[in-house]
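Q: A single structure is presented below for examination.
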Amino acid sequence: MHADNWAHKAKLMGYRSRAVFKLEEILSKFKPNKITTILDLGSAPGGWSQFIIKKYPKSQVFAIDTLDMDSIKGIKFFKENIENINDIEDIVKLKGKFDLVISDIAPNLSGIKSVDDENIFELNLMSINIANKYSKDTNAAMIIKTFQNNNLKSLRKHMELLFKIVQTYKPAASKNKSAEIYLYGAR
């Protein structure tokens, strides 16, 4: 299916973005354990949150982003920088209790490769560290979008220190030309 077809399919199915098919494929491949409490980092426009609440309707989903996100029934959204996650009482109460942390976060790109790569790396490290602190010690998973660049190996090594299993994955719904890639971590 071509990239345009994924976007068209998402629109027909009422999803906010084509990214839902990436998440769906990753979840189907890795099959994380029972999912009841989910943290969505960099959630706008809300496609991943929307998919998660449909797939796991009895779950609690907490979403955070600096960008606005139209409300989704069943999602608690916080317009905040992930750097300030420790100030969000509803999320802090669940520290160490999340089954799944998902991050489709990406910085605004400057067009300067070295700057963009470093910004992506810093956001990814922050997301992985949040997942480490907020996830359960066992039977928890993380899915994070990153990019194939010089920092990927270091990022993966860092994630391997915090998760028992770390896998790299490129879903079919990712554009062929895109350098985006996903890391899946499980405890």
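Identifiers for the structure tokens are assigned positionally: chains receive A, B, ... in sequence, residues are indexed from 1 per chain, and ligands are indexed from 1 in the order shown.
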Using the chain letters and numbers from this document, which residues of stretch 60-179 of chain A does DSSP assign to strand (DSSP E), as JSON, numbers by chain?
A: {"A": [60, 61, 62, 63, 64, 65, 75, 76, 77, 78, 79, 100, 101, 102, 103, 141, 142, 143, 144, 145, 146, 147, 165, 166, 167, 168, 169]}
Q: Given only C-alpha atoms, how would the per-residue table for stretch 104-141 of chain A near stretch 17-34 of chain A read, listing every residue at most 10 Å away with its closest atom pair and distance in Å to one decimal, sorted by chain and number, as a Markdown table?
A:
```
| residue | atom | partner | partner_atom | distance |
| --- | --- | --- | --- | --- |
| A:Asp104 | CA | A:Ala19 | CA | 8.5 |
| A:Thr138 | CA | A:Asn33 | CA | 9.9 |
| A:Asn139 | CA | A:Asn33 | CA | 6.1 |
| A:Ala140 | CA | A:Asn33 | CA | 7.3 |
| A:Ala141 | CA | A:Pro32 | CA | 6.5 |
```
Q: Limited to C-alpha atoms, could you put the picked residues into a file as an mmCIF file, in the first residue's frame?
A:
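Output contents, as saved in part29.cif:
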```
data_model
loop_
_atom_site.group_PDB
_atom_site.id
_atom_site.type_symbol
_atom_site.label_atom_id
_atom_site.label_comp_id
_atom_site.auth_asym_id
_atom_site.auth_seq_id
_atom_site.Cartn_x
_atom_site.Cartn_y
_atom_site.Cartn_z
ATOM 1 C CA ASP A 104 5.761 9.445 18.399
ATOM 2 C CA THR A 138 7.888 -6.063 34.849
ATOM 3 C CA ASN A 139 5.397 -6.707 32.053
ATOM 4 C CA ALA A 140 5.753 -3.223 30.607
ATOM 5 C CA ALA A 141 6.679 -2.016 27.135
#
```
Q: Can you write out as a Markdown table which residues of stretch 84-125 of chain A fall within 12 Å of stretch 46-62 of chain A, alongside each residue's closest atom pair and its distance in Å to one decimal, counting only C-alpha atoms and ordering rows by chain and ascending residue number?
A:
```
| residue | atom | partner | partner_atom | distance |
| --- | --- | --- | --- | --- |
| A:Ile85 | CA | A:Phe62 | CA | 11.1 |
| A:Ile88 | CA | A:Phe62 | CA | 10.5 |
| A:Glu89 | CA | A:Phe62 | CA | 11.5 |
| A:Asp90 | CA | A:Phe62 | CA | 8.6 |
| A:Ile91 | CA | A:Phe62 | CA | 7.2 |
| A:Val92 | CA | A:Phe62 | CA | 10.9 |
| A:Lys93 | CA | A:Phe62 | CA | 11.8 |
| A:Leu94 | CA | A:Phe62 | CA | 10.1 |
| A:Lys95 | CA | A:Phe62 | CA | 12.0 |
| A:Lys97 | CA | A:Gln60 | CA | 11.1 |
| A:Phe98 | CA | A:Gln60 | CA | 9.3 |
| A:Asp99 | CA | A:Ser59 | CA | 10.0 |
| A:Leu100 | CA | A:Val61 | CA | 9.6 |
| A:Val101 | CA | A:Phe62 | CA | 9.6 |
| A:Ile102 | CA | A:Trp48 | CA | 8.2 |
| A:Ser103 | CA | A:Trp48 | CA | 9.0 |
| A:Asp104 | CA | A:Trp48 | CA | 8.1 |
| A:Ile105 | CA | A:Trp48 | CA | 11.1 |
```
Q: Can I get the selection written as an mmCIF file, in the first residue's frame, with N, CA, C and O atoms?
A:
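Result went into again38.cif, see below:
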```
data_model
loop_
_atom_site.group_PDB
_atom_site.id
_atom_site.type_symbol
_atom_site.label_atom_id
_atom_site.label_comp_id
_atom_site.auth_asym_id
_atom_site.auth_seq_id
_atom_site.Cartn_x
_atom_site.Cartn_y
_atom_site.Cartn_z
ATOM 1 N N ILE A 85 6.821 16.683 33.076
ATOM 2 C CA ILE A 85 5.899 15.591 33.402
ATOM 3 C C ILE A 85 5.753 15.397 34.913
ATOM 4 O O ILE A 85 4.685 15.037 35.401
ATOM 5 N N ILE A 88 2.747 17.079 36.607
ATOM 6 C CA ILE A 88 1.375 16.697 36.254
ATOM 7 C C ILE A 88 0.905 15.647 37.254
ATOM 8 O O ILE A 88 1.235 14.466 37.155
ATOM 9 N N GLU A 89 0.135 16.091 38.223
ATOM 10 C CA GLU A 89 -0.271 15.261 39.355
ATOM 11 C C GLU A 89 -0.951 13.954 38.945
ATOM 12 O O GLU A 89 -0.655 12.892 39.499
ATOM 13 N N ASP A 90 -1.856 14.029 37.954
ATOM 14 C CA ASP A 90 -2.582 12.825 37.527
ATOM 15 C C ASP A 90 -1.643 11.749 36.979
ATOM 16 O O ASP A 90 -1.919 10.557 37.110
ATOM 17 N N ILE A 91 -0.547 12.170 36.371
ATOM 18 C CA ILE A 91 0.423 11.218 35.831
ATOM 19 C C ILE A 91 1.387 10.763 36.922
ATOM 20 O O ILE A 91 1.701 9.573 37.033
ATOM 21 N N VAL A 92 1.834 11.687 37.746
ATOM 22 C CA VAL A 92 2.778 11.360 38.824
ATOM 23 C C VAL A 92 2.186 10.317 39.776
ATOM 24 O O VAL A 92 2.894 9.429 40.256
ATOM 25 N N LYS A 93 0.870 10.382 40.008
ATOM 26 C CA LYS A 93 0.205 9.399 40.879
ATOM 27 C C LYS A 93 0.374 7.974 40.366
ATOM 28 O O LYS A 93 0.296 7.024 41.140
ATOM 29 N N LEU A 94 0.604 7.840 39.062
ATOM 30 C CA LEU A 94 0.724 6.517 38.444
ATOM 31 C C LEU A 94 2.176 6.143 38.113
ATOM 32 O O LEU A 94 2.422 5.192 37.369
ATOM 33 N N LYS A 95 3.111 6.865 38.676
ATOM 34 C CA LYS A 95 4.531 6.583 38.438
ATOM 35 C C LYS A 95 4.829 5.140 38.822
ATOM 36 O O LYS A 95 4.464 4.687 39.900
ATOM 37 N N LYS A 97 3.518 2.563 37.266
ATOM 38 C CA LYS A 97 2.341 1.716 37.052
ATOM 39 C C LYS A 97 1.900 1.621 35.591
ATOM 40 O O LYS A 97 0.923 0.947 35.282
ATOM 41 N N PHE A 98 2.619 2.271 34.672
ATOM 42 C CA PHE A 98 2.220 2.236 33.262
ATOM 43 C C PHE A 98 2.656 0.921 32.618
ATOM 44 O O PHE A 98 3.784 0.473 32.793
ATOM 45 N N ASP A 99 1.721 0.315 31.870
ATOM 46 C CA ASP A 99 1.993 -0.925 31.132
ATOM 47 C C ASP A 99 2.682 -0.631 29.805
ATOM 48 O O ASP A 99 3.451 -1.439 29.302
ATOM 49 N N LEU A 100 2.340 0.519 29.230
ATOM 50 C CA LEU A 100 2.841 0.864 27.906
ATOM 51 C C LEU A 100 3.102 2.366 27.837
ATOM 52 O O LEU A 100 2.245 3.165 28.221
ATOM 53 N N VAL A 101 4.285 2.712 27.361
ATOM 54 C CA VAL A 101 4.618 4.107 27.067
ATOM 55 C C VAL A 101 4.893 4.172 25.574
ATOM 56 O O VAL A 101 5.684 3.378 25.045
ATOM 57 N N ILE A 102 4.207 5.087 24.899
ATOM 58 C CA ILE A 102 4.384 5.249 23.460
ATOM 59 C C ILE A 102 4.853 6.670 23.186
ATOM 60 O O ILE A 102 4.433 7.608 23.863
ATOM 61 N N SER A 103 5.744 6.809 22.229
ATOM 62 C CA SER A 103 6.277 8.128 21.910
ATOM 63 C C SER A 103 6.472 8.265 20.406
ATOM 64 O O SER A 103 7.322 7.605 19.814
ATOM 65 N N ASP A 104 5.665 9.129 19.824
ATOM 66 C CA ASP A 104 5.761 9.445 18.399
ATOM 67 C C ASP A 104 6.280 10.879 18.264
ATOM 68 O O ASP A 104 6.018 11.573 17.305
ATOM 69 N N ILE A 105 7.004 11.300 19.284
ATOM 70 C CA ILE A 105 7.449 12.685 19.402
ATOM 71 C C ILE A 105 8.593 12.980 18.437
ATOM 72 O O ILE A 105 9.420 12.113 18.168
#
```
Q: DSSP on the backbone: which residues in stretch 67-104 of chain A end up as helix (DSSP H, G or I)? Give the answer as an MDAnalysis selection string.
A: chainID A and resid 82:87 89:92
Q: Put those residues in a file: N, CA and C atoms, as a short mmCIF file (atom, residue, chain, number, x, y, z; two decimals), in the first residue's frame.
A:
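Okay, this is what ended up in again.cif:
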```cif
data_model
loop_
_atom_site.label_atom_id
_atom_site.label_comp_id
_atom_site.auth_asym_id
_atom_site.auth_seq_id
_atom_site.Cartn_x
_atom_site.Cartn_y
_atom_site.Cartn_z
N ILE A 82 7.12 17.52 27.86
CA ILE A 82 7.42 16.29 28.60
C ILE A 82 8.48 16.53 29.67
N GLU A 83 9.27 17.59 29.53
CA GLU A 83 10.26 17.95 30.56
C GLU A 83 9.58 18.24 31.89
N ASN A 84 8.31 18.63 31.84
CA ASN A 84 7.56 18.99 33.05
C ASN A 84 6.61 17.90 33.51
N ILE A 85 6.82 16.68 33.08
CA ILE A 85 5.90 15.59 33.40
C ILE A 85 5.75 15.40 34.91
N ASN A 86 6.81 15.67 35.65
CA ASN A 86 6.75 15.49 37.10
C ASN A 86 5.86 16.52 37.80
N ASP A 87 5.38 17.50 37.05
CA ASP A 87 4.46 18.51 37.59
C ASP A 87 3.00 18.16 37.33
N GLU A 89 0.14 16.09 38.22
CA GLU A 89 -0.27 15.26 39.35
C GLU A 89 -0.95 13.95 38.95
N ASP A 90 -1.86 14.03 37.95
CA ASP A 90 -2.58 12.82 37.53
C ASP A 90 -1.64 11.75 36.98
N ILE A 91 -0.55 12.17 36.37
CA ILE A 91 0.42 11.22 35.83
C ILE A 91 1.39 10.76 36.92
N VAL A 92 1.83 11.69 37.75
CA VAL A 92 2.78 11.36 38.82
C VAL A 92 2.19 10.32 39.78
#
```
Q: Neighbouring residues of A:Asp70 were defined as those with any atom within 10 Å, considering only C-alpha atoms; residues of the same chain fewer than 6 positions away were excluded. Please report them as an MDAnalysis selection string.
A: chainID A and resid 16 44:46 77
Q: Using only C-alpha atoms, pick whichever of A:Lys136, A:Ile128, A:Ile38, A:Ala179 has the shortest atom-to-atom distance to A:Val166.
A: A:Ile128
Q: Neighbouring residues of stretch 146-159 of chain A were defined as those with any atom within 6 Å, considering only C-alpha atoms; residues of the same chain fewer than 2 positions away were excluded. Please report them as a ChimeraX atom specification.
A: /A:161-162,179-182
Q: Could you save the residues just selected, with N, CA, C and O atoms, as a CSV table (one decimal), in the first residue's frame?
A:
```csv
chain,number,residue,atom,x,y,z
A,161,LEU,N,19.9,-0.8,28.4
A,161,LEU,CA,20.2,-0.8,29.8
A,161,LEU,C,19.0,-0.8,30.7
A,161,LEU,O,19.0,-1.2,31.8
A,162,LEU,N,17.9,-0.4,30.1
A,162,LEU,CA,16.6,-0.2,30.9
A,162,LEU,C,15.5,-1.2,30.6
A,162,LEU,O,14.6,-1.3,31.4
A,179,ALA,N,13.5,8.2,7.1
A,179,ALA,CA,14.6,7.6,7.9
A,179,ALA,C,14.0,7.2,9.3
A,179,ALA,O,14.7,6.7,10.1
A,180,GLU,N,12.6,7.4,9.4
A,180,GLU,CA,12.0,7.0,10.7
A,180,GLU,C,12.1,5.5,10.9
A,180,GLU,O,12.0,4.7,10.0
A,181,ILE,N,12.3,5.2,12.2
A,181,ILE,CA,12.4,3.8,12.6
A,181,ILE,C,11.8,3.7,14.0
A,181,ILE,O,11.8,4.7,14.7
A,182,TYR,N,11.4,2.6,14.4
A,182,TYR,CA,10.8,2.4,15.8
A,182,TYR,C,11.6,1.5,16.6
A,182,TYR,O,12.1,0.5,16.1
```
Q: Would you please work out which residue, of A:Lys145, A:Ile72, A:Leu125, A:Pro107, is nearest to A:Ser174 when using only C-alpha atoms?
A: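 The closest residue to A:Ser174 is A:Lys145.
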Q: From the options A:Lys177, A:Arg187, A:Lys9, A:Lys79, which residue's atoms come nearest to A:Met142, counting only C-alpha atoms?
A: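 Of A:Lys177, A:Arg187, A:Lys9, A:Lys79, the one nearest A:Met142 is A:Arg187, counting only C-alpha atoms.
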Q: May I ask for the distance between atom CA of A:Ala63 and atom CA of A:Gly42, given in Å to one decimal place?
A: 7.5 Å
